[in-house]
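Inspection log for the structure reproduced underneath, given as structure tokens.
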Amino acid sequence: MPILRELLRKTNVTHAARELNMSQPAVSEALNRLRLILHDELLIPSGRTFILSALAQRLQPQLESALAEVETLLAPAAFDPASGVGKMRIATSDYIALLLAPRLALRFNEQAPSMSIEFVDTHLDSNFDLRMGEIDMIIAPAGQIVGESEQFSRMQLFEDELVYLVAAEDGVPRHSPGEDLSDRPHIFCDPRGRPGFMSFAETVLRQRRTVITEAARVSSYMLIPFMIGGSDNVALVQRRLAERLFPVMTNTMMIAPSEALPKLRVMASWSRSRELDPAHSWFRGVLSEIPLELGLC
């Protein structure tokens with residue numbers, strides 16, 4: 001079953017063998033046996049690659065869930081971070097990583113020196129990756145994780161409010177606090193690269209205005225100040241992001257919006273199959289403390 005899981009994950013015998021630390025012939029032989037047992041091709045040739053058969057597609061989520069439960073059952077009853085090894089992979093945006101990564105890295109260095117933490121960008125398949133065990137957690141605004149209530153456990157990490165970034169000259173903003181900026185050209189951030197995807201800020205804007213002028217769309221929040229300075233462009237962003245970017249915002253300033261806007265809730269989500277995993281449980285405990293330490297709550 002672990003071999004089948006890797007074959008379905010990788011859809012490639014060579015890549016699966018490398019992940020399993022097995023020889024390619026051994027994995028090929030296992031695939032042949034699985035095909036006989038299940039009376040199905042499982043991996044179907046498509047050009048120079050393979051695609052999953054209909055049966056393989058149905059098996060994959062059940063297989064992931066079943067093996068995760070078995071691995072949890074056989075895992076040590078307790079986890080000692082001082083001697084633990086491995087990696088925790090988090091899919092999130094650069095905005096959230098900017099806030100949490102430095103303190104998390106410090107905690108890993110202090111408590112679990114043989115473990116590492118990896119931040120990867122969220123993308124179209126992040127939810128699938130979480131279900132399949134390719135990543136350990138997604139951290140994103142509430143409502144942006146499809147299927148979270150049915151398949152994922154979650155906890156709120158912190159809230160953030162929205163402010164405007166506007167151009168400034170000699171410390172004076174081009175627009176006044178409280179000014180209605182809805183008709184100005186806006187810079188939007190789309191970290192997931194999904195057609196039709198709207199960030200929390202963009203969703204709030206479009207719910208309140210029938211027409212919004214889009215000046216530009218970027219994939220990283222870090223680019224936004226450089227798209228505003230010296231222009232009439234504006235961007236509705238998270239306050240804590242703006243505060244972290246102040247050192248590079250030499251010609252950009254933060255001002256309050258003209259009306260009270262909903263707050264953004266940042267949520268951590270993980271597969272229910274990892275709920276009892278000792279290492280994952282330790283990591284969630286560490287993560288839950290970071291917002292308190294940083295004064296984000």
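Letters A, B, ... mark the chains of the structure tokens in the order given; residue numbers begin at 1 per chain; ligand numbers begin at 1, in order shown.
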Within 10 Å of range 257-261 of chain A using only C-alpha atoms, minus same-chain residues under 3 positions, as a ChimeraX atom specification: /A:161-165,176-182,201,204-205,208,236,254,264
Strand (DSSP E or B) residues, from DSSP on the backbone, in range 92-218 of chain A, as a PyMOL selection string: chain A and resi 92+115-121+137-141+152-160+162-169+172-173+186-189+214-218
Test item: residues at most 12 Å from Leu106 in chain A, only C-alpha atoms, excluding those fewer than 6 positions along its chain, as a PyMOL selection string: chain A and resi 100+112-113+115-117+286-287+290
Nearest to Arg5 in chain A by atom-to-atom distance, counting only C-alpha atoms, from A:Ile37, A:Ile139, A:Ile51, A:Leu67: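 Once distances to Arg5 in chain A are computed over only C-alpha atoms, the minimum belongs to A:Leu67.
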DSSP alpha helix (DSSP H) residues within range 55-246 of chain A, as a VMD selection string: chain A and resid 55 to 74 94 to 111 126 to 132 148 to 151 200 to 208 224 to 228 239 to 245
Closest of A:Thr11, A:Glu6, A:Leu292, A:Phe188 to Ser46 in chain A - atom-to-atom distances counting only C-alpha atoms: A:Thr11
Residue nearest Ser199 in chain A - candidates A:Ser153, A:Gln144, A:Gln60, A:Ser288, atoms counted: only C-alpha atoms: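 Among A:Ser153, A:Gln144, A:Gln60, A:Ser288, it is A:Gln144 that comes nearest to Ser199 in chain A.
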CA of Leu74 in chain A to CA of Arg274 in chain A, distance in Å rounded to a single decimal: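 Pair CA of Leu74 in chain A / CA of Arg274 in chain A returns 12.9 Å.
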Close residues, Leu42 in chain A itself excluded, 9 Å, only C-alpha atoms, min 6 positions apart in chain, as a list in words: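 Final neighbour list, sorted by chain and number: Leu7, Leu8, Leu31, Leu34, Arg35, Ile51, Leu52, Ser53, Ala54, Leu55, Ala56 and Gln57 of chain A.
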Counting only C-alpha atoms, the option among A:Asp190, A:Leu99, A:Phe108, A:Leu59 closest to Pro81 in chain A: A:Phe108
Nearest-residue call for Pro2 in chain A, choices A:Leu130, A:Met22, A:Met249, A:Leu63, using only C-alpha atoms: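 Using only C-alpha atoms, the shortest distance to Pro2 in chain A belongs to A:Leu63.
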Residues at most 12 Å from Ala168 in chain A, counting only C-alpha atoms, excluding those fewer than 5 positions away in the same chain, as a CSV table (one decimal) with N, CA and C atoms, in the first residue's frame?
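Listing of around_25.csv after writing:
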```csv
chain,number,residue,atom,x,y,z
A,173,PRO,N,1.0,62.1,2.6
A,173,PRO,CA,0.3,61.2,1.7
A,173,PRO,C,-0.4,62.0,0.6
A,174,ARG,N,-0.4,61.5,-0.6
A,174,ARG,CA,-1.1,62.1,-1.7
A,174,ARG,C,-2.6,62.2,-1.4
A,175,HIS,N,-3.1,61.3,-0.6
A,175,HIS,CA,-4.6,61.3,-0.3
A,175,HIS,C,-4.7,61.4,1.2
A,176,SER,N,-5.9,61.9,1.6
A,176,SER,CA,-6.1,62.2,3.1
A,176,SER,C,-6.7,61.0,3.7
A,225,PRO,N,4.2,48.1,-2.6
A,225,PRO,CA,4.7,49.5,-2.4
A,225,PRO,C,5.4,50.0,-3.6
A,228,ILE,N,3.1,51.6,-6.2
A,228,ILE,CA,2.3,52.7,-5.7
A,228,ILE,C,3.1,54.0,-5.7
A,229,GLY,N,4.3,54.0,-5.2
A,229,GLY,CA,5.1,55.2,-5.1
A,229,GLY,C,5.2,56.0,-6.3
A,230,GLY,N,5.0,57.3,-6.2
A,230,GLY,CA,5.1,58.2,-7.4
A,230,GLY,C,3.9,58.1,-8.4
A,231,SER,N,2.8,57.4,-8.0
A,231,SER,CA,1.7,57.2,-8.9
A,231,SER,C,0.4,57.6,-8.2
A,232,ASP,N,-0.7,57.5,-8.9
A,232,ASP,CA,-2.0,57.7,-8.3
A,232,ASP,C,-2.6,56.4,-7.9
A,233,ASN,N,-1.9,55.3,-8.0
A,233,ASN,CA,-2.4,53.9,-7.7
A,233,ASN,C,-2.5,53.8,-6.1
A,234,VAL,N,-3.5,53.0,-5.7
A,234,VAL,CA,-3.6,52.7,-4.3
A,234,VAL,C,-3.8,51.2,-4.1
A,249,MET,N,9.1,51.5,2.5
A,249,MET,CA,8.1,52.3,2.0
A,249,MET,C,8.5,53.8,2.1
A,250,THR,N,9.6,54.2,1.4
A,250,THR,CA,10.1,55.5,1.5
A,250,THR,C,9.2,56.6,0.8
A,251,ASN,N,8.4,56.2,-0.2
A,251,ASN,CA,7.5,57.1,-0.9
A,251,ASN,C,6.1,56.6,-0.9
A,252,THR,N,5.7,55.8,0.2
A,252,THR,CA,4.4,55.3,0.3
A,252,THR,C,4.0,55.4,1.8
A,253,MET,N,2.7,55.7,2.0
A,253,MET,CA,2.2,55.8,3.4
A,253,MET,C,0.9,55.0,3.5
A,254,MET,N,0.6,54.7,4.8
A,254,MET,CA,-0.6,54.0,5.1
A,254,MET,C,-1.6,54.9,5.7
A,255,ILE,N,-2.9,54.9,5.2
A,255,ILE,CA,-4.0,55.7,5.7
A,255,ILE,C,-5.2,54.8,5.9
```
Given only C-alpha atoms as the counted atoms, nearest of A:Asp136, A:Glu71, A:Asp170, A:Glu110 to Arg89 in chain A: A:Asp136
Atomic separation - CA of Glu118 in chain A relative to CA of Val266 in chain A, Å: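 About the pair CA of Val266 in chain A and CA of Glu118 in chain A: they are 18.7 Å apart.
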Spatial neighbours of Leu241 in chain A, 9 Å, only C-alpha atoms, chain gap at least 4 places, as a ChimeraX atom specification: /A:95-96,98-99,221-222,237,245-246
